[in-house]
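*Asks:* One file is attached below, coords-v7.cif, containing mmCIF, C-alpha atoms.
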```cif
data_model
#
loop_
_atom_site.label_atom_id
_atom_site.label_comp_id
_atom_site.auth_asym_id
_atom_site.auth_seq_id
_atom_site.Cartn_x
_atom_site.Cartn_y
_atom_site.Cartn_z
CA MET A 1 82.40 83.27 104.05
CA ILE A 2 81.08 86.76 104.75
CA ASP A 3 79.80 89.21 102.15
CA LEU A 4 82.75 91.60 101.85
CA HIS A 5 80.85 94.11 99.70
CA ALA A 6 78.03 94.39 102.25
CA ARG A 7 80.36 94.53 105.25
CA ALA A 8 82.51 97.24 103.64
CA ALA A 9 79.40 99.31 102.89
CA GLU A 10 78.24 98.84 106.48
CA PHE A 11 81.64 99.92 107.76
CA ALA A 12 81.58 103.01 105.53
CA GLN A 13 78.20 103.99 106.98
CA GLN A 14 79.55 103.56 110.51
CA VAL A 15 82.48 105.85 109.70
CA GLN A 16 80.07 108.37 108.16
CA ASP A 17 77.83 108.32 111.24
CA THR A 18 80.71 108.75 113.68
CA ILE A 19 82.47 111.58 111.87
CA SER A 20 79.17 113.38 111.13
CA ALA A 21 78.30 113.23 114.82
CA VAL A 22 81.64 114.80 115.76
CA LEU A 23 82.44 117.29 112.97
CA PRO A 24 80.33 119.86 111.13
CA GLY A 25 80.59 120.07 107.35
CA ASP A 26 79.34 118.47 104.17
CA PHE A 27 81.00 115.18 103.18
CA GLN A 28 80.17 111.60 102.31
CA ILE A 29 82.04 108.40 103.16
CA VAL A 30 81.89 105.72 100.47
CA SER A 31 83.12 102.17 99.91
CA ILE A 32 84.92 101.59 96.59
CA SER A 33 86.05 98.29 95.09
CA HIS A 34 89.84 98.21 94.97
CA GLY A 35 91.87 95.23 93.72
CA GLY A 36 89.74 92.51 95.25
CA ARG A 37 89.24 94.51 98.42
CA PHE A 38 87.39 97.69 99.29
CA VAL A 39 88.64 101.12 100.31
CA VAL A 40 86.50 103.27 102.58
CA ARG A 41 87.17 107.00 102.11
CA PRO A 42 85.50 110.37 101.53
CA ALA A 43 83.73 110.65 98.17
CA GLY A 44 85.44 112.52 95.33
CA ASP A 45 86.61 111.88 91.79
CA GLU A 46 90.02 113.45 92.44
CA ALA A 47 92.37 112.72 95.34
CA SER A 48 92.46 116.43 96.23
CA LYS A 49 88.70 116.31 96.88
CA GLN A 50 88.68 113.19 99.01
CA HIS A 51 88.87 115.07 102.28
CA ILE A 52 86.68 116.14 105.19
CA PRO A 53 86.75 119.89 105.94
CA LEU A 54 88.01 121.01 109.36
CA PHE A 55 86.92 124.40 110.71
CA VAL A 56 88.00 126.74 113.48
CA ASP A 57 85.34 129.31 114.34
CA GLY A 58 83.62 128.58 111.04
CA GLU A 59 86.74 129.09 108.90
CA GLN A 60 88.13 126.06 107.08
CA LEU A 61 91.78 125.78 108.05
CA ALA A 62 92.52 122.10 107.48
CA MET A 63 91.29 118.88 105.89
CA LEU A 64 91.04 115.34 107.19
CA GLY A 65 91.83 112.40 104.93
CA VAL A 66 90.62 108.91 105.86
CA GLN A 67 91.39 105.72 103.95
CA VAL A 68 90.72 102.20 105.23
CA TYR A 69 91.44 99.20 102.99
CA LEU A 70 89.19 96.29 103.94
CA GLY A 71 89.41 92.61 103.10
CA LEU A 72 88.91 89.25 104.78
CA ASP A 73 91.33 87.77 107.27
CA SER A 74 93.20 84.55 106.52
CA SER A 75 90.27 82.43 107.74
CA GLY A 76 87.79 84.19 105.47
CA ASN A 77 85.41 84.60 108.42
CA TYR A 78 86.23 88.10 109.66
CA LEU A 79 86.51 91.57 108.20
CA LYS A 80 90.06 92.90 108.41
CA ALA A 81 91.58 96.32 107.88
CA TRP A 82 94.76 95.54 105.97
CA ARG A 83 95.83 99.14 105.62
CA SER A 84 94.67 102.54 106.85
CA LYS A 85 95.76 106.15 106.67
CA ILE A 86 94.42 109.17 108.52
CA ALA A 87 96.07 112.47 107.59
CA VAL A 88 95.51 116.11 108.53
CA HIS A 89 96.36 118.64 105.83
CA SER A 90 96.55 122.42 106.14
CA THR A 91 94.62 124.45 103.58
CA LEU A 92 97.80 126.49 103.03
CA ASP A 93 99.72 123.77 101.18
CA ARG A 94 99.56 120.13 100.11
CA THR A 95 101.99 118.86 102.74
CA PRO A 96 100.34 116.92 105.60
CA LEU A 97 100.66 118.13 109.17
CA VAL A 98 100.41 114.69 110.75
CA ARG A 99 99.69 111.19 109.45
CA GLN A 100 98.62 108.06 111.27
CA GLU A 101 99.23 104.95 109.18
CA PHE A 102 98.84 101.19 109.47
CA ASP A 103 99.93 98.48 107.05
CA ALA A 104 99.61 94.82 108.01
CA LEU A 105 102.02 93.82 105.24
CA ILE A 106 104.74 96.39 105.90
CA SER A 107 108.31 95.13 106.15
CA GLU A 108 109.85 94.72 109.59
CA SER A 109 112.02 97.78 109.00
CA ALA A 110 109.09 99.93 110.15
CA PRO A 111 106.33 99.49 112.76
CA LEU A 112 102.98 98.16 111.53
CA ALA A 113 101.16 101.16 113.00
CA HIS A 114 102.85 104.54 113.33
CA TRP A 115 102.58 108.34 113.30
CA HIS A 116 104.41 110.67 110.94
CA VAL A 117 104.88 114.25 112.12
CA HIS A 118 105.65 116.88 109.49
CA ALA A 119 107.63 119.43 111.48
CA ASP A 120 111.16 120.64 112.17
CA ARG A 121 113.28 120.94 115.28
CA GLY A 122 116.93 121.89 115.27
CA ALA A 123 118.01 119.58 118.09
CA LEU A 124 116.37 116.58 116.44
CA SER A 125 117.94 117.42 113.07
CA HIS A 126 121.33 117.65 114.81
CA LEU A 127 120.88 114.18 116.33
CA LEU A 128 119.72 112.67 113.04
CA GLY A 129 122.51 114.39 111.12
CA ARG A 130 125.18 112.93 113.38
CA ALA A 131 123.53 109.49 113.21
CA HIS A 132 123.32 109.73 109.42
CA ALA A 133 127.07 110.32 109.22
CA VAL A 134 127.65 107.05 111.11
CA ARG A 135 124.72 104.91 109.90
CA PRO A 136 123.41 106.31 106.61
CA ASP A 137 121.70 103.01 105.83
CA VAL A 138 119.50 103.49 108.93
CA VAL A 139 119.05 107.26 109.05
CA ARG A 140 118.42 108.03 105.39
CA LYS A 141 116.73 111.46 105.66
CA PRO A 142 118.32 113.31 108.59
CA HIS A 143 116.63 116.62 107.76
CA ASP A 144 113.13 115.23 107.28
CA MET A 145 111.32 114.59 110.57
CA SER A 146 108.31 113.21 108.68
CA SER A 147 110.40 110.23 107.59
CA LEU A 148 110.39 108.93 111.19
CA HIS A 149 107.85 106.23 112.09
CA PHE A 150 106.64 106.69 115.69
CA PRO A 151 105.29 103.26 116.82
CA VAL A 152 101.86 103.21 118.46
CA GLY A 153 101.07 99.72 119.68
CA GLY A 154 101.16 97.36 116.72
CA GLU A 155 98.20 95.86 114.90
CA ARG A 156 95.95 95.12 117.85
CA PHE A 157 96.61 98.10 120.12
CA ARG A 158 96.96 100.96 117.64
CA PRO A 159 94.86 104.13 118.01
CA CYS A 160 91.44 104.18 116.37
CA MET A 161 89.82 106.87 114.25
CA GLU A 162 87.94 108.14 117.30
CA ASP A 163 91.27 108.81 119.05
CA VAL A 164 92.35 110.98 116.13
CA LEU A 165 89.03 112.85 116.09
CA GLU A 166 89.29 113.61 119.81
CA PHE A 167 92.90 114.68 119.28
CA LEU A 168 91.71 117.19 116.67
CA VAL A 169 89.01 118.58 118.94
CA ARG A 170 91.04 118.77 122.14
CA GLU A 171 94.49 119.64 120.78
CA PHE A 172 93.79 121.46 117.49
CA GLY A 173 90.66 123.29 118.64
CA ILE A 174 88.64 122.09 115.64
CA ASP A 175 84.93 123.01 115.52
CA HIS A 176 82.72 120.16 116.70
CA ASN A 177 79.10 119.26 117.30
CA ASP A 178 77.46 119.50 120.73
CA ARG A 179 77.28 115.77 121.51
CA TRP A 180 80.60 114.84 119.91
CA GLN A 181 81.84 113.03 123.01
CA ASP A 182 78.96 110.54 122.90
CA ALA A 183 79.90 109.50 119.35
CA ILE A 184 83.58 109.27 120.27
CA ARG A 185 82.94 107.07 123.28
CA ALA A 186 80.54 104.77 121.45
CA GLY A 187 82.87 104.34 118.48
CA ARG A 188 85.93 103.82 120.65
CA ALA A 189 84.15 101.21 122.78
CA LYS A 190 83.09 99.30 119.66
CA TRP A 191 86.63 99.45 118.25
CA ARG A 192 88.25 98.24 121.47
CA ARG A 193 85.78 95.39 121.88
CA MET A 194 86.51 94.31 118.32
CA GLN A 195 90.27 94.50 118.85
CA PHE A 196 89.95 92.62 122.12
CA ARG A 197 88.07 89.82 120.37
CA SER A 198 90.81 89.66 117.73
CA THR A 199 93.47 89.53 120.45
CA VAL A 200 91.64 86.70 122.20
CA ARG A 201 91.61 84.73 118.93
CA ASP A 202 95.36 85.35 118.66
CA LEU A 203 96.17 84.45 122.28
CA GLN A 204 93.54 81.92 123.35
CA ASP A 205 95.65 80.25 126.06
CA GLU A 206 96.24 83.58 127.82
CA ALA A 207 92.54 84.46 127.60
CA ALA A 208 91.57 81.07 129.04
CA ASP A 209 94.05 81.46 131.94
CA VAL A 210 92.61 84.85 132.85
CA LEU A 211 89.04 83.52 132.75
CA ARG A 212 89.94 80.53 134.91
CA GLY A 213 91.49 82.93 137.41
CA HIS A 214 88.12 84.66 137.68
CA GLY A 215 86.15 81.47 138.26
CA TRP A 216 85.20 80.53 134.69
CA LYS A 217 85.35 76.93 133.56
CA VAL A 218 87.21 76.84 130.25
CA GLU A 219 88.22 73.71 128.37
CA PRO A 220 90.55 73.76 125.36
CA PRO A 221 89.38 72.38 122.00
CA ALA A 222 90.84 69.15 120.68
CA ASP A 223 92.53 70.82 117.72
CA PRO A 224 95.89 72.57 118.31
CA ARG A 225 95.87 76.35 118.48
CA ASP A 226 98.32 78.72 116.81
CA GLU A 227 99.11 82.17 118.13
CA GLY A 228 98.49 85.03 115.75
CA PRO A 229 101.70 85.61 113.75
CA GLY A 230 103.70 88.48 115.14
CA VAL A 231 101.09 89.68 117.61
CA LEU A 232 103.55 89.54 120.49
CA HIS A 233 106.71 90.60 118.71
CA ARG A 234 106.03 92.97 115.81
CA TRP A 235 106.44 96.64 116.70
#
```
Write out the structure in this file as structure tokens.
*Replies:*
Amino acid sequence: MIDLHARAAEFAQQVQDTISAVLPGDFQIVSISHGGRFVVRPAGDEASKQHIPLFVDGEQLAMLGVQVYLGLDSSGNYLKAWRSKIAVHSTLDRTPLVRQEFDALISESAPLAHWHVHADRGALSHLLGRAHAVRPDVVRKPHDMSSLHFPVGGERFRPCMEDVLEFLVREFGIDHNDRWQDAIRAGRAKWRRMQFRSTVRDLQDEAADVLRGHGWKVEPPADPRDEGPGVLHRW
């Protein structure tokens, strides 16, 4: 059994180091006990203060919210993110601009990992309005684009925090530090290696077949192996 408190604190420091290497500004990432698990987020007594400032030419125009709920996986041997939320808020109002969310326990009516976009487009509202008239149980909010869940690869292949940070720099024009790309690449590589290891644990037979095809000698264990639940089918 791993020390969840220590691992969560270590993870919080990793998040702090990565974001500090990419973005200017004064903030602190902390790990807080939360219902038997830990939540990693920016420090602040009030929710409105738990954000990272985002600047354009030195002027703060937006805020970045990061929340990662950590626990142990079903085996008790590995750290697992059970839920996460990364949101960009404008300083003009409290409504988010975009949200990237993941919830391992979400119902099958929505994808495990998804984007929400807070915006409007007439043609999309027209489509949703017509669909709502026919299937109101499916399209419940035809005039609210942010109610849509855009799937992004499920639990194993969802975007990482580094992807969102690079999105902010390249697409939003957010101020950044000189060597931001080095931190992004290092963090993304670590994330993808970790996700790959998790995928291999889920799909051991497929991993063994690939290795054998490249000349490795791989023998299965005596105990039967179960595929990770939903890894191949959940959206």
*Asks:* With all atoms listed in the file as the counted atoms, please give the residues lying no more than 10 Å from Gly173 in chain A, apart from itself and same-chain residues fewer than 2 positions off, as a VMD selection string.
*Replies:* chain A and resid 54 to 57 166 to 171 175 to 176
*Asks:* Assuming the chain letters and numbering stay as they are in my file, what does the PyMOL selection byres ((chain A and resi 179) around 12) actually select? List them as a PyMOL selection string.
*Replies:* chain A and resi 18-24+176-178+180-186
*Asks:* Counting all atoms listed in the file, what is within 8 Å of range 200-210 of chain A, bar same-chain residues fewer than 2 positions away, as a short mmCIF file (atom, residue, chain, number, x, y, z; two decimals) with C-alpha atoms, keeping the file's coordinate frame?
*Replies:*
```cif
data_model
loop_
_atom_site.label_atom_id
_atom_site.label_comp_id
_atom_site.auth_asym_id
_atom_site.auth_seq_id
_atom_site.Cartn_x
_atom_site.Cartn_y
_atom_site.Cartn_z
CA PHE A 196 89.95 92.62 122.12
CA ARG A 197 88.07 89.82 120.37
CA SER A 198 90.81 89.66 117.73
CA ARG A 212 89.94 80.53 134.91
CA GLY A 213 91.49 82.93 137.41
CA HIS A 214 88.12 84.66 137.68
CA VAL A 218 87.21 76.84 130.25
CA ARG A 225 95.87 76.35 118.48
CA ASP A 226 98.32 78.72 116.81
CA GLU A 227 99.11 82.17 118.13
CA GLY A 228 98.49 85.03 115.75
CA VAL A 231 101.09 89.68 117.61
#
```
*Asks:* Rounded to one decimal in Å, what is the spacing between CA of Pro53 in chain A and CA of Tyr69 in chain A?
*Replies:* 21.4 Å
*Asks:* Which value, in Å to one decimal, gives the distance between CA of Gln50 in chain A and CA of Val30 in chain A?
*Replies:*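 Computed distance, CA of Gln50 in chain A to CA of Val30 in chain A, equals 10.2 Å.
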*Asks:* Please determine the residues with any atom at most 9 Å from (91.6, 94.2, 108.9) (coordinates as given in the file, with only C-alpha atoms counting) and report them as a PyMOL selection string.
*Replies:* chain A and resi 68-73+78-83+104
*Asks:* Report as a PyMOL selection string all protein, DNA and RNA residues lying within 8 Å of Val98 in chain A, evaluated on all atoms listed in the file, omitting residues in the same chain fewer than 2 positions from it.
*Replies:* chain A and resi 87-89+96+100+115-118
*Asks:* Got time to write the residues from that selection, C-alpha atoms, as a PDB file, in the coordinates of the input?
*Replies:*
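Below is the file that was written, out-v4.pdb:
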```pdb
ATOM      1  CA  ALA A  87      96.070 112.470 107.590  1.00  0.00           C
ATOM      2  CA  VAL A  88      95.510 116.110 108.530  1.00  0.00           C
ATOM      3  CA  HIS A  89      96.360 118.640 105.830  1.00  0.00           C
ATOM      4  CA  PRO A  96     100.340 116.920 105.600  1.00  0.00           C
ATOM      5  CA  GLN A 100      98.620 108.060 111.270  1.00  0.00           C
ATOM      6  CA  TRP A 115     102.580 108.340 113.300  1.00  0.00           C
ATOM      7  CA  HIS A 116     104.410 110.670 110.940  1.00  0.00           C
ATOM      8  CA  VAL A 117     104.880 114.250 112.120  1.00  0.00           C
ATOM      9  CA  HIS A 118     105.650 116.880 109.490  1.00  0.00           C
TER      10      HIS A 118
END
```
*Asks:* Enter the distance from CA of Glu219 in chain A to CA of Ala189 in chain A, in Å, rounded to one decimal.
*Replies:* 28.4 Å
*Asks:* From the set A:Ala222, A:Ile106, A:Val40, A:Ser31, which residue has the shortest atom-to-atom contact distance to Gly154 in chain A, counting all atoms listed in the file?
*Replies:*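 Between A:Ala222, A:Ile106, A:Val40, A:Ser31, the residue approaching Gly154 in chain A most closely is A:Ile106.
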*Asks:* Given the PyMOL selection byres ((chain A and resi 41) around 10) and the file above, list the residues it selects as a list in words.
*Replies:*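 So the PyMOL selection byres ((chain A and resi 41) around 10) ends up selecting Ala12, Val15, Gln16, Gln28, Ile29, Val30, Ser31, Ile32, Phe38, Val39, Val40, Pro42, Ala43, Gly44, Gln50, His51, Ile52, Gly65, Val66, Gln67, Val68, Tyr69, Ser84, Lys85 and Ile86 of chain A.
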*Asks:* Compile the contact shell of Ser90 in chain A as a PyMOL selection string: residues with an atom at most 9 Å away, counting only C-alpha atoms, same-chain residues fewer than 3 positions apart removed.
*Replies:* chain A and resi 61-63+93-97
*Asks:* Using all atoms listed in the file, collect all residues at a distance of at most 9 Å from (104.7, 93.5, 119.6) as written in the file, then present them as a list in words.
*Replies:*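 Nearby residues: Gly153, Gly154, Glu155, Gly230, Val231, Leu232, His233, Arg234 and Trp235 of chain A.
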*Asks:* Counting only C-alpha atoms, which of A:Arg37, A:Val134, A:Phe172, A:Leu211 gets nearest to Arg7 in chain A?
*Replies:*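 Selected residue with least distance to Arg7 in chain A: A:Arg37.
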